[in-house]
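Pasted below: run_35.csv, CSV, C-alpha atoms and all ligand atoms.
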```
chain,number,residue,atom,x,y,z
A,1,MET,CA,17.7,-3.6,15.9
A,2,GLU,CA,18.2,-6.9,14.1
A,3,THR,CA,20.5,-6.9,11.1
A,4,ILE,CA,19.3,-8.0,7.7
A,5,ASN,CA,21.1,-10.8,5.9
A,6,PRO,CA,23.0,-9.1,3.0
A,7,ASN,CA,21.9,-11.9,0.8
A,8,ILE,CA,18.3,-10.7,1.0
A,9,LEU,CA,19.2,-7.1,0.1
A,10,THR,CA,20.2,-8.2,-3.4
A,11,ARG,CA,16.9,-9.8,-4.2
A,12,SER,CA,14.3,-8.1,-6.3
A,13,ASP,CA,11.2,-6.7,-4.8
A,14,GLU,CA,9.1,-9.4,-6.5
A,15,GLU,CA,11.4,-12.2,-5.2
A,16,LEU,CA,11.1,-10.8,-1.7
A,17,MET,CA,7.3,-10.6,-2.0
A,18,GLN,CA,7.2,-14.3,-2.8
A,19,HIS,CA,8.9,-15.0,0.5
A,20,VAL,CA,6.6,-12.5,2.3
A,21,ALA,CA,3.6,-14.5,0.9
A,22,GLU,CA,5.2,-17.5,2.6
A,23,ARG,CA,5.3,-15.4,5.8
A,24,ASN,CA,9.0,-14.6,5.8
A,25,THR,CA,9.5,-11.7,8.1
A,26,ALA,CA,13.2,-11.1,7.1
A,27,SER,CA,12.1,-10.5,3.5
A,28,PHE,CA,9.3,-8.3,4.8
A,29,LYS,CA,11.7,-6.2,6.8
A,30,ALA,CA,14.0,-5.9,3.8
A,31,LEU,CA,11.1,-4.6,1.7
A,32,TYR,CA,10.1,-2.2,4.5
A,33,LYS,CA,13.6,-0.8,4.7
A,34,ARG,CA,13.7,-0.3,1.0
A,35,TYR,CA,10.5,1.7,0.9
A,36,GLU,CA,9.9,3.2,4.3
A,37,LEU,CA,11.2,6.6,3.3
A,38,ALA,CA,9.4,6.7,0.0
A,39,ILE,CA,6.1,5.8,1.4
A,40,PHE,CA,6.4,7.9,4.5
A,41,ASN,CA,7.3,11.0,2.5
A,42,LEU,CA,4.6,10.2,-0.1
A,43,ILE,CA,2.0,10.3,2.7
A,44,LEU,CA,3.6,13.2,4.5
A,45,LYS,CA,3.5,15.4,1.4
A,46,TYR,CA,0.0,14.3,0.6
A,47,THR,CA,-1.4,15.0,4.1
A,48,GLY,CA,1.0,17.5,5.6
A,49,ASP,CA,0.7,15.6,8.9
A,50,LYS,CA,3.7,13.8,10.3
A,51,SER,CA,1.9,11.7,12.8
A,52,LEU,CA,-0.8,10.7,10.4
A,53,ALA,CA,2.0,9.8,7.9
A,54,GLN,CA,3.5,7.6,10.6
A,55,ASP,CA,0.2,5.8,11.2
A,56,LEU,CA,-0.6,5.3,7.6
A,57,LEU,CA,2.9,4.0,6.8
A,58,GLN,CA,2.3,1.4,9.5
A,59,GLU,CA,-1.1,0.5,8.1
A,60,THR,CA,0.3,0.3,4.5
A,61,PHE,CA,2.9,-2.3,5.5
A,62,THR,CA,0.4,-4.2,7.6
A,63,ARG,CA,-1.9,-4.5,4.6
A,64,ILE,CA,1.1,-5.5,2.4
A,65,TRP,CA,1.7,-8.4,4.9
A,66,PHE,CA,-1.9,-9.6,4.9
A,67,ALA,CA,-2.4,-9.2,1.2
A,68,ALA,CA,0.9,-10.6,0.1
A,69,HIS,CA,-0.6,-13.7,-1.4
A,70,SER,CA,-2.8,-11.6,-3.7
A,71,PHE,CA,0.2,-9.7,-5.2
A,72,ASN,CA,0.5,-10.8,-8.9
A,73,GLN,CA,3.8,-10.1,-10.6
A,74,GLU,CA,2.2,-10.4,-14.0
A,75,LYS,CA,-0.2,-7.5,-13.3
A,76,GLY,CA,2.6,-5.1,-12.4
A,77,ARG,CA,5.7,-4.3,-10.4
A,78,PHE,CA,5.7,-4.5,-6.6
A,79,LYS,CA,6.5,-0.8,-6.4
A,80,THR,CA,3.4,0.2,-8.4
A,81,TRP,CA,1.3,-2.1,-6.2
A,82,LEU,CA,2.8,-0.7,-3.0
A,83,PHE,CA,2.3,2.9,-4.1
A,84,THR,CA,-1.3,2.1,-5.1
A,85,ILE,CA,-2.1,0.7,-1.7
A,86,ALA,CA,-0.4,3.5,0.2
A,87,LEU,CA,-2.2,6.1,-1.9
A,88,ASN,CA,-5.6,4.4,-1.5
A,89,ILE,CA,-5.2,4.2,2.2
A,90,THR,CA,-4.2,7.8,2.4
A,91,LYS,CA,-7.0,9.0,0.2
A,92,SER,CA,-9.6,7.0,2.1
A,93,GLU,CA,-8.3,8.4,5.4
A,94,MET,CA,-8.4,11.9,4.0
A,95,SER,CA,-11.9,11.6,2.8
A,96,LYS,CA,-13.0,10.1,6.1
A,97,LYS,CA,-11.6,13.0,8.2
A,98,GLN,CA,-11.6,15.8,5.6
A,99,TYR,CA,-7.9,16.5,6.1
A,100,SER,CA,-7.8,19.1,3.4
A,101,TYR,CA,-8.3,21.7,6.3
A,102,PHE,CA,-5.9,20.0,8.5
A,103,TYR,CA,-3.0,20.3,6.0
A,104,GLN,CA,-2.7,24.0,6.8
A,105,GLU,CA,-2.7,23.6,10.6
A,106,ILE,CA,0.5,21.7,11.0
A,107,SER,CA,2.7,22.8,13.7
A,108,GLU,CA,5.9,24.6,12.6
A,109,LYS,CA,8.0,22.1,14.5
A,110,ASP,CA,7.1,19.4,12.0
A,111,PHE,CA,8.8,21.1,9.1
A,112,THR,CA,11.6,22.9,10.8
A,113,GLU,CA,13.3,19.9,12.3
A,114,ALA,CA,14.7,17.8,9.4
A,115,GLY,CA,18.0,18.7,7.8
A,116,LEU,CA,18.4,22.1,9.5
A,117,GLU,CA,20.4,21.2,12.5
A,118,GLU,CA,23.9,21.6,11.0
A,119,MET,CA,22.8,24.8,9.2
A,120,ASP,CA,21.7,26.1,12.6
A,121,GLU,CA,25.2,26.5,14.0
A,122,LYS,CA,26.9,27.9,10.9
A,123,MET,CA,24.3,30.1,9.4
A,124,PRO,CA,21.4,31.0,11.6
A,125,ASP,CA,20.0,33.5,8.9
A,126,ALA,CA,20.1,30.8,6.2
A,127,ARG,CA,18.1,28.6,8.6
A,128,MET,CA,15.4,31.2,9.0
A,129,VAL,CA,15.2,31.7,5.2
A,130,ASN,CA,15.0,27.9,4.7
A,131,ILE,CA,12.2,27.6,7.2
A,132,GLU,CA,10.3,30.4,5.5
A,133,ILE,CA,10.7,28.8,2.1
A,134,ARG,CA,9.5,25.4,3.4
A,135,LYS,CA,6.5,27.0,5.0
A,136,HIS,CA,5.6,28.6,1.7
A,137,VAL,CA,6.1,25.4,-0.2
A,138,ARG,CA,3.9,23.4,2.2
A,139,PHE,CA,1.3,26.1,2.1
A,140,ALA,CA,1.4,26.1,-1.7
A,141,LEU,CA,1.1,22.3,-1.8
A,142,SER,CA,-1.8,22.4,0.6
A,143,ARG,CA,-3.7,24.8,-1.6
A,144,LEU,CA,-3.7,22.3,-4.5
A,145,GLU,CA,-6.6,20.0,-5.2
A,146,PRO,CA,-5.6,16.5,-4.0
A,147,PHE,CA,-5.6,15.1,-7.5
A,148,MET,CA,-3.1,17.8,-8.5
A,149,ARG,CA,-1.0,17.4,-5.4
A,150,GLU,CA,-0.9,13.7,-6.0
A,151,VAL,CA,0.7,14.0,-9.5
A,152,ILE,CA,3.2,16.6,-8.3
A,153,ILE,CA,4.2,14.3,-5.4
A,154,LEU,CA,4.5,11.2,-7.5
A,155,ARG,CA,6.2,12.8,-10.5
A,156,HIS,CA,8.5,15.2,-8.8
A,157,TYR,CA,9.2,13.9,-5.3
A,158,GLN,CA,8.9,10.2,-6.0
A,159,GLN,CA,10.5,10.4,-9.4
A,160,LEU,CA,7.9,8.1,-11.0
A,161,LYS,CA,7.3,8.2,-14.7
A,162,PHE,CA,3.9,9.3,-16.0
A,163,SER,CA,3.2,5.8,-17.2
A,164,GLU,CA,3.8,4.4,-13.7
A,165,ILE,CA,1.6,7.2,-12.2
A,166,ALA,CA,-1.1,6.3,-14.7
A,167,GLN,CA,-1.1,2.7,-13.5
A,168,ILE,CA,-1.1,3.7,-9.8
A,169,THR,CA,-3.9,6.3,-10.1
A,170,ASN,CA,-5.8,4.6,-13.0
A,171,THR,CA,-5.7,7.9,-14.9
A,172,PRO,CA,-4.7,8.4,-18.5
A,173,GLU,CA,-1.2,9.9,-19.0
A,174,GLY,CA,-2.6,12.8,-20.9
A,175,THR,CA,-4.8,13.8,-18.0
A,176,LEU,CA,-2.0,13.5,-15.6
A,177,LYS,CA,0.2,15.8,-17.7
A,178,SER,CA,-2.4,18.4,-17.9
A,179,ARG,CA,-3.0,18.2,-14.2
A,180,PHE,CA,0.7,18.5,-13.7
A,181,HIS,CA,0.7,21.6,-15.9
A,182,ARG,CA,-2.2,23.2,-14.0
A,183,ALA,CA,-0.6,22.4,-10.7
A,184,ILE,CA,2.7,24.1,-11.7
A,185,LEU,CA,0.7,27.2,-12.7
A,186,LEU,CA,-1.1,27.2,-9.4
A,187,LEU,CA,2.1,26.6,-7.5
A,188,LYS,CA,3.7,29.5,-9.4
A,189,GLU,CA,0.8,31.7,-8.3
A,190,HIS,CA,1.1,30.7,-4.7
A,191,LEU,CA,4.9,30.9,-4.6
A,192,THR,CA,5.1,34.3,-6.3
A,193,GLY,CA,6.4,37.0,-4.2
A,194,MET,CA,8.2,34.5,-2.0
A,195,ASP,CA,11.4,34.8,-4.0
A,196,LYS,CA,11.6,38.5,-3.5
A,197,SER,CA,10.9,38.4,0.2
A,198,TYR,CA,13.6,35.9,0.9
A,199,ALA,CA,16.0,37.5,-1.6
A,200,THR,CA,15.9,40.7,0.4
A,201,SER,CA,16.4,38.8,3.7
A,202,LYS,CA,19.6,37.1,2.4
B,203,MET,CA,5.7,28.9,-35.2
B,204,GLN,CA,4.3,25.5,-34.1
B,205,HIS,CA,5.0,25.1,-30.4
B,206,PRO,CA,5.2,21.7,-28.9
B,207,ASN,CA,2.3,21.2,-26.5
B,208,LYS,CA,2.8,21.4,-22.8
B,209,ASP,CA,2.8,17.6,-22.4
B,210,ARG,CA,5.8,17.3,-24.7
B,211,LEU,CA,7.6,20.0,-22.8
B,212,ILE,CA,6.9,18.3,-19.5
B,213,GLU,CA,8.1,15.0,-20.9
B,214,PHE,CA,11.2,16.7,-22.2
B,215,TYR,CA,11.9,18.3,-18.8
B,216,TYR,CA,11.7,14.9,-17.0
B,217,SER,CA,13.6,13.1,-19.8
B,218,GLU,CA,10.6,11.0,-20.6
B,219,ALA,CA,10.4,12.0,-24.3
B,220,ASN,CA,11.7,9.6,-26.9
B,221,ASP,CA,14.9,10.5,-28.7
B,222,LEU,CA,13.2,11.9,-31.8
B,223,GLU,CA,10.8,14.0,-29.7
B,224,ALA,CA,13.6,15.2,-27.5
B,225,LYS,CA,15.6,16.3,-30.5
B,226,ARG,CA,12.6,18.1,-31.9
B,227,VAL,CA,11.9,20.0,-28.7
B,228,PHE,CA,15.5,20.8,-28.2
B,229,LYS,CA,15.7,22.3,-31.7
B,230,HIS,CA,12.6,24.3,-31.1
B,231,LEU,CA,13.9,25.7,-27.9
B,232,GLN,CA,16.9,27.2,-29.8
B,233,SER,CA,14.5,29.7,-31.3
B,234,CYS,CA,11.5,29.9,-29.0
B,235,ASN,CA,11.6,32.1,-26.0
B,236,ASP,CA,8.1,31.2,-24.9
B,237,CYS,CA,8.8,27.5,-24.6
B,238,LEU,CA,12.1,28.2,-23.0
B,239,GLU,CA,10.4,30.5,-20.5
B,240,TYR,CA,7.9,27.7,-19.7
B,241,LEU,CA,10.8,25.2,-19.0
B,242,ASN,CA,12.5,27.8,-16.8
B,243,THR,CA,9.3,28.3,-14.8
B,244,LEU,CA,9.0,24.5,-14.4
B,245,ASP,CA,12.6,24.3,-13.3
B,246,HIS,CA,12.1,27.2,-10.9
B,247,ILE,CA,8.9,25.9,-9.3
B,248,THR,CA,10.3,22.3,-8.9
B,249,GLY,CA,13.4,23.8,-7.5
B,250,GLN,CA,11.2,25.5,-4.8
B,251,LEU,CA,9.5,22.2,-4.2
B,252,ASP,CA,12.8,20.6,-3.3
B,253,HIS,CA,12.9,22.7,-0.2
B,254,PHE,CA,10.3,20.4,1.3
B,255,VAL,CA,12.9,17.8,2.1
B,256,ASN,CA,12.3,14.2,3.0
B,257,GLN,CA,11.8,13.3,6.6
B,258,THR,CA,12.3,10.0,8.4
B,259,PRO,CA,9.7,8.0,10.1
B,260,SER,CA,10.3,7.0,13.7
B,261,GLU,CA,12.6,4.0,14.3
B,262,ASP,CA,10.1,1.8,16.1
B,263,THR,CA,7.6,1.8,13.2
B,264,PHE,CA,8.7,-1.7,12.0
B,265,ASP,CA,8.3,-3.1,15.5
B,266,LEU,CA,4.8,-1.6,15.7
B,267,ILE,CA,4.0,-3.3,12.3
B,268,MET,CA,5.3,-6.6,13.7
B,269,LYS,CA,3.0,-6.1,16.7
B,270,ASP,CA,0.1,-5.5,14.3
B,271,ILE,CA,0.7,-8.7,12.4
B,272,GLU,CA,1.3,-10.6,15.6
B,273,VAL,CA,4.4,-12.6,14.6
B,274,VAL,CA,7.7,-13.0,16.3
B,275,PRO,CA,10.1,-10.5,14.7
B,276,LEU,CA,12.5,-12.1,12.2
B,277,LYS,CA,11.3,-15.7,12.6
B,278,ASN,CA,12.8,-17.2,9.5
B,279,THR,CA,10.3,-19.2,7.6
B,280,TYR,CA,12.4,-20.1,4.6
B,281,LYS,CA,12.6,-23.7,5.8
B,282,LYS,CA,9.1,-25.1,5.3
B,283,GLU,CA,8.3,-28.1,7.3
B,284,LEU,CA,8.0,-31.0,4.8
B,285,PHE,CA,6.5,-33.6,7.1
B,286,SER,CA,4.4,-33.2,10.2
B,287,VAL,CA,2.6,-35.9,12.2
B,288,LEU,CA,0.1,-33.4,13.6
B,289,PRO,CA,-2.5,-33.8,10.9
B,290,PHE,CA,-2.4,-37.6,11.2
B,291,ILE,CA,-2.8,-37.5,15.0
B,292,ARG,CA,-5.8,-35.2,14.4
B,293,ILE,CA,-7.3,-37.6,11.9
B,294,VAL,CA,-6.9,-40.6,14.2
B,295,ILE,CA,-8.5,-38.7,17.1
B,296,PHE,CA,-11.4,-37.6,14.9
B,297,ILE,CA,-12.0,-41.2,13.8
B,298,LEU,CA,-11.8,-42.5,17.4
B,299,PHE,CA,-14.3,-39.8,18.4
B,300,VAL,CA,-16.7,-40.8,15.6
B,301,LEU,CA,-16.5,-44.5,16.5
B,302,ALA,CA,-17.1,-43.8,20.1
B,303,ALA,CA,-20.1,-41.7,19.2
B,304,LEU,CA,-21.4,-44.5,16.9
B,305,HIS,CA,-21.0,-47.0,19.7
B,306,PHE,CA,-22.7,-44.8,22.2
B,307,CYS,CA,-25.7,-44.0,19.9
B,308,GLN,CA,-26.3,-47.5,18.8
B,309,GLY,CA,-26.3,-48.6,22.5
B,310,TRP,CA,-29.2,-46.1,23.1
B,311,LEU,CA,-30.9,-47.1,19.9
B,312,THR,CA,-31.1,-50.8,20.7
B,313,ILE,CA,-32.7,-50.3,24.1
B,314,LEU,CA,-35.5,-48.1,22.6
B,315,PRO,CA,-38.9,-49.9,22.0
B,316,LEU,CA,-38.8,-48.4,18.4
B,317,TRP,CA,-35.8,-50.7,17.7
B,318,GLU,CA,-37.9,-53.8,18.2
B,319,VAL,CA,-40.3,-52.6,15.5
B,320,ILE,CA,-37.9,-51.5,12.9
B,321,ARG,CA,-35.4,-54.4,13.2
B,322,GLU,CA,-38.0,-56.5,11.3
B,323,TYR,CA,-37.3,-54.6,8.1
B,324,ARG,CA,-34.8,-56.2,5.7
B,325,ILE,CA,-32.8,-53.0,5.2
B,326,ILE,CA,-32.3,-52.6,8.9
B,327,GLN,CA,-31.2,-56.2,9.1
B,328,VAL,CA,-28.6,-55.5,6.5
B,329,LEU,CA,-27.4,-52.3,8.1
B,330,GLY,CA,-27.5,-53.5,11.7
B,331,SER,CA,-27.6,-51.0,14.5
B,332,TYR,CA,-24.2,-49.5,13.8
B,333,GLY,CA,-25.0,-49.1,10.1
B,334,LEU,CA,-28.3,-47.4,10.9
B,335,VAL,CA,-26.6,-44.9,13.3
B,336,ALA,CA,-23.9,-44.3,10.7
B,337,VAL,CA,-26.5,-43.4,8.0
B,338,VAL,CA,-28.3,-41.1,10.4
B,339,PHE,CA,-25.0,-39.4,11.2
B,340,PHE,CA,-24.2,-39.0,7.5
B,341,ILE,CA,-27.6,-37.4,6.7
B,342,PHE,CA,-27.4,-35.1,9.7
B,343,GLY,CA,-23.8,-34.1,8.8
B,344,SER,CA,-24.7,-33.4,5.2
B,345,PHE,CA,-27.7,-31.3,6.3
B,346,VAL,CA,-25.5,-29.2,8.7
B,347,THR,CA,-22.8,-28.8,6.1
B,348,LEU,CA,-25.2,-27.7,3.4
B,349,SER,CA,-26.9,-25.2,5.7
B,350,ILE,CA,-23.7,-23.4,6.7
B,351,THR,CA,-22.0,-23.5,3.3
B,352,PRO,CA,-23.8,-20.4,2.0
B,353,VAL,CA,-22.8,-18.5,5.1
B,354,LEU,CA,-19.1,-19.5,4.7
B,355,LEU,CA,-19.1,-18.6,1.0
B,356,MET,CA,-20.8,-15.2,1.7
B,357,ASP,CA,-18.1,-14.4,4.3
B,358,SER,CA,-15.2,-15.3,2.0
B,359,GLU,CA,-16.8,-13.2,-0.8
B,360,ARG,CA,-16.8,-10.3,1.6
B,361,LEU,CA,-13.2,-11.0,2.5
B,362,LYS,CA,-12.2,-11.3,-1.1
B,363,ASN,CA,-13.9,-7.9,-1.9
B,364,MET,CA,-12.1,-6.3,0.9
B,365,ILE,CA,-8.7,-7.5,-0.3
B,366,ARG,CA,-9.7,-6.6,-3.9
B,367,GLN,CA,-10.5,-3.1,-2.8
B,368,VAL,CA,-7.2,-2.5,-1.1
B,369,CYS,CA,-5.1,-4.3,-3.6
B,370,ASN,CA,-6.7,-3.1,-6.8
B,371,TYR,CA,-4.5,-1.4,-9.3
B,372,GLY,CA,-6.5,1.7,-9.0
B,373,GLU,CA,-9.6,0.1,-10.4
B,374,THR,CA,-12.2,0.6,-7.8
B,375,LYS,CA,-13.1,3.5,-5.6
C,1,ZN,ZN,7.6,27.4,-28.6
```

Re-express the file's structure as structure tokens.
Ligand SMILES: [Zn+2]
Amino acid sequence: METINPNILTRSDEELMQHVAERNTASFKALYKRYELAIFNLILKYTGDKSLAQDLLQETFTRIWFAAHSFNQEKGRFKTWLFTIALNITKSEMSKKQYSYFYQEISEKDFTEAGLEEMDEKMPDARMVNIEIRKHVRFALSRLEPFMREVIILRHYQQLKFSEIAQITNTPEGTLKSRFHRAILLLKEHLTGMDKSYATSK
Amino acid sequence: MQHPNKDRLIEFYYSEANDLEAKRVFKHLQSCNDCLEYLNTLDHITGQLDHFVNQTPSEDTFDLIMKDIEVVPLKNTYKKELFSVLPFIRIVIFILFVLAALHFCQGWLTILPLWEVIREYRIIQVLGSYGLVAVVFFIFGSFVTLSITPVLLMDSERLKNMIRQVCNYGETK
């Protein structure tokens, strides 16, 4: 893989976007590297489908490239713009194929592989417990309405402020907070009983 | 007891409350088990969510994107070309082409019997055969341009709409 000039890494997103608009692929790569994890995991948590997340990550950045000239710094930060595009692409794909069902049919392999390898050798029991918890969490997330899942993902996993989420989703902050509250109550409902089951297995 | 509403508690939990509000909630929590319980629930549930850890996309994703956008990877385009002769060459070729076309067409025009009739008019005498062909070219060119302009405009409108839809700040569906 090509290395990225360290000079580029210190530039702000918006500066890099200016160069991307001038068709600078080094700046484009720097932006990609900065956000690939965030966007990939945003889509993964929204859809529950790793290969779909892979495809939509690719599509998101392809669109960023082609729409670079239309990015307007005065309208908002690059990050907000990027998340808006990623979320719009994901939502439109979900509505096209009705992925709400699909979420629950993910193979276990998808969510057992990451971060569990080292645990495997030391504590095989702990690994099993972790896999169980993950399964529950994914199931609980899949049960949420997309607009609730969205706010949980953006606030909790992506650590965005409610004001930023309001911009991305074009929804008033108050509505987002009440969605968040309802989502937490539903998650609590779906995750209840899970604690006990894995406490006894420890 | 006046409880802060859930929005305030959520803001407090994520450190999004302003100082005054945070102090107020903090003070309230010293004496309210219900609100404290809510925050504990929030903490517990989000703690569970953290088990769904981040994963990494495959390493060739960026190369696939580059393939999609059909550019050579890492071609540095910082240095813009300030001067290029290519546009000038194109203009010269275009002018030569037009002159050749004019010459060819006026050759045909002057051997037509029609020419003998219209050359008597004063305006044709002023224009000459080249001038007449140039005027015909101009009218024909304008006609073609005007006919295709709406099509071109329509197409760019569609393009603009597509870009707007993808890059809106959450404004359109
Ligand atoms: Zn209270």

* Asked: Which residue out of A:Arg143, A:Arg11, A:His69, A:Lys97 has the minimum interatomic distance to chain B when only C-alpha atoms are used?
  ->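 The answer is A:His69, which sits nearest to chain B.
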
* Could the residues of chain A within 7 Å of chain B, counting all atoms listed in the file, be given as a ChimeraX atom specification, please? => /A:23-26,37,40-41,54,58,61-62,67,81,84-85,114,133-134,137,167-170,177-178,184,188

* Cut-off 7 Å, only C-alpha atoms and all ligand atoms, neighbours of ligand ZN 1 (chain C) as a PyMOL selection string -> chain B and resi 204-206+230-231+234-237

* A:Arg34, A:His19, A:Arg77, A:Arg63: which is nearest Glu164 (chain A), counting all atoms listed in the file? -> A:Arg77

* Name the residues in contact with region 331-347 of chain B at a cut-off of 10 Å, using all atoms listed in the file, excluding same-chain residues fewer than 5 positions from it; report them as a PyMOL selection string. => chain B and resi 300-301+303-309+311-312+317+321+325-326+352

Write the residues of the selection above to a file with C-alpha atoms, as a PDB file, in the frame of the given file.
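New file out30.pdb:
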```
ATOM      1  CA  VAL B 300     -16.700 -40.800  15.600  1.00  0.00           C
ATOM      2  CA  LEU B 301     -16.500 -44.500  16.500  1.00  0.00           C
ATOM      3  CA  ALA B 303     -20.100 -41.700  19.200  1.00  0.00           C
ATOM      4  CA  LEU B 304     -21.400 -44.500  16.900  1.00  0.00           C
ATOM      5  CA  HIS B 305     -21.000 -47.000  19.700  1.00  0.00           C
ATOM      6  CA  PHE B 306     -22.700 -44.800  22.200  1.00  0.00           C
ATOM      7  CA  CYS B 307     -25.700 -44.000  19.900  1.00  0.00           C
ATOM      8  CA  GLN B 308     -26.300 -47.500  18.800  1.00  0.00           C
ATOM      9  CA  GLY B 309     -26.300 -48.600  22.500  1.00  0.00           C
ATOM     10  CA  LEU B 311     -30.900 -47.100  19.900  1.00  0.00           C
ATOM     11  CA  THR B 312     -31.100 -50.800  20.700  1.00  0.00           C
ATOM     12  CA  TRP B 317     -35.800 -50.700  17.700  1.00  0.00           C
ATOM     13  CA  ARG B 321     -35.400 -54.400  13.200  1.00  0.00           C
ATOM     14  CA  ILE B 325     -32.800 -53.000   5.200  1.00  0.00           C
ATOM     15  CA  ILE B 326     -32.300 -52.600   8.900  1.00  0.00           C
ATOM     16  CA  PRO B 352     -23.800 -20.400   2.000  1.00  0.00           C
TER      17      PRO B 352
END
```

* Selected residue, from A:Leu176, A:Leu31, A:Val129, A:Met17, that lies nearest to Lys161 (chain A) when counting all atoms listed in the file ->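 That would be A:Leu176, the residue with the smallest distance to Lys161 (chain A).
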
* Pick from A:Thr60, A:Thr90, A:Leu82, A:Phe71 nearest to Gly48 (chain A), counting all atoms listed in the file ->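 Among the listed residues, the smallest separation from Gly48 (chain A) belongs to A:Thr90.
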
* Report the distance between CA of Glu150 (chain A) and CA of Leu87 (chain A) in Å, rounded to one decimal place. => 8.7 Å

* Asked: Which of these, A:Pro172, A:Ala68, A:Leu56, A:Asp13, has the shortest distance to Lys91 (chain A) once you count only C-alpha atoms?
  ->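 Checking each candidate against Lys91 (chain A), we get A:Leu56 as the closest.
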
* What does the distance between CA of Thr171 (chain A) and CA of Met148 (chain A) come to in Å, to one decimal place? ->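 About the pair CA of Thr171 (chain A) and CA of Met148 (chain A): they are 12.1 Å apart.
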
Place all heavy atoms on region 173-178 of chain A and deliver the coordinates as a PDB file, in the coordinates of the input.
```pdb
ATOM      1  N   GLU A 173      -2.442   9.040 -19.080  1.00  0.00           N
ATOM      2  CA  GLU A 173      -1.200   9.900 -19.000  1.00  0.00           C
ATOM      3  C   GLU A 173      -1.475  11.314 -19.382  1.00  0.00           C
ATOM      4  O   GLU A 173      -0.948  12.241 -18.770  1.00  0.00           O
ATOM      5  CB  GLU A 173      -0.143   9.275 -19.898  1.00  0.00           C
ATOM      6  CG  GLU A 173       0.631   8.166 -19.249  1.00  0.00           C
ATOM      7  CD  GLU A 173       1.822   7.732 -20.089  1.00  0.00           C
ATOM      8  OE1 GLU A 173       2.669   8.581 -20.435  1.00  0.00           O
ATOM      9  OE2 GLU A 173       1.902   6.528 -20.418  1.00  0.00           O
ATOM     10  N   GLY A 174      -2.276  11.491 -20.443  1.00  0.00           N
ATOM     11  CA  GLY A 174      -2.600  12.800 -20.900  1.00  0.00           C
ATOM     12  C   GLY A 174      -3.209  13.695 -19.829  1.00  0.00           C
ATOM     13  O   GLY A 174      -2.830  14.847 -19.605  1.00  0.00           O
ATOM     14  N   THR A 175      -4.157  13.086 -19.128  1.00  0.00           N
ATOM     15  CA  THR A 175      -4.800  13.800 -18.000  1.00  0.00           C
ATOM     16  C   THR A 175      -3.854  14.160 -16.938  1.00  0.00           C
ATOM     17  O   THR A 175      -3.892  15.267 -16.400  1.00  0.00           O
ATOM     18  CB  THR A 175      -5.945  12.871 -17.430  1.00  0.00           C
ATOM     19  OG1 THR A 175      -6.731  12.353 -18.502  1.00  0.00           O
ATOM     20  CG2 THR A 175      -6.817  13.602 -16.458  1.00  0.00           C
ATOM     21  N   LEU A 176      -2.952  13.224 -16.643  1.00  0.00           N
ATOM     22  CA  LEU A 176      -2.000  13.500 -15.600  1.00  0.00           C
ATOM     23  C   LEU A 176      -1.064  14.643 -15.954  1.00  0.00           C
ATOM     24  O   LEU A 176      -0.759  15.495 -15.118  1.00  0.00           O
ATOM     25  CB  LEU A 176      -1.115  12.220 -15.350  1.00  0.00           C
ATOM     26  CG  LEU A 176      -1.829  11.033 -14.719  1.00  0.00           C
ATOM     27  CD1 LEU A 176      -0.922   9.811 -14.726  1.00  0.00           C
ATOM     28  CD2 LEU A 176      -2.253  11.366 -13.289  1.00  0.00           C
ATOM     29  N   LYS A 177      -0.651  14.674 -17.232  1.00  0.00           N
ATOM     30  CA  LYS A 177       0.200  15.800 -17.700  1.00  0.00           C
ATOM     31  C   LYS A 177      -0.463  17.101 -17.596  1.00  0.00           C
ATOM     32  O   LYS A 177       0.133  18.102 -17.211  1.00  0.00           O
ATOM     33  CB  LYS A 177       0.794  15.474 -19.050  1.00  0.00           C
ATOM     34  CG  LYS A 177       1.914  14.448 -19.035  1.00  0.00           C
ATOM     35  CD  LYS A 177       2.260  13.955 -20.414  1.00  0.00           C
ATOM     36  CE  LYS A 177       3.038  12.644 -20.291  1.00  0.00           C
ATOM     37  NZ  LYS A 177       3.006  11.867 -21.532  1.00  0.00           N
ATOM     38  N   SER A 178      -1.737  17.101 -17.981  1.00  0.00           N
ATOM     39  CA  SER A 178      -2.400  18.400 -17.900  1.00  0.00           C
ATOM     40  C   SER A 178      -2.675  18.818 -16.476  1.00  0.00           C
ATOM     41  O   SER A 178      -2.615  19.995 -16.142  1.00  0.00           O
ATOM     42  CB  SER A 178      -3.680  18.421 -18.787  1.00  0.00           C
ATOM     43  OG  SER A 178      -4.673  17.681 -18.177  1.00  0.00           O
TER      44      SER A 178
END
```
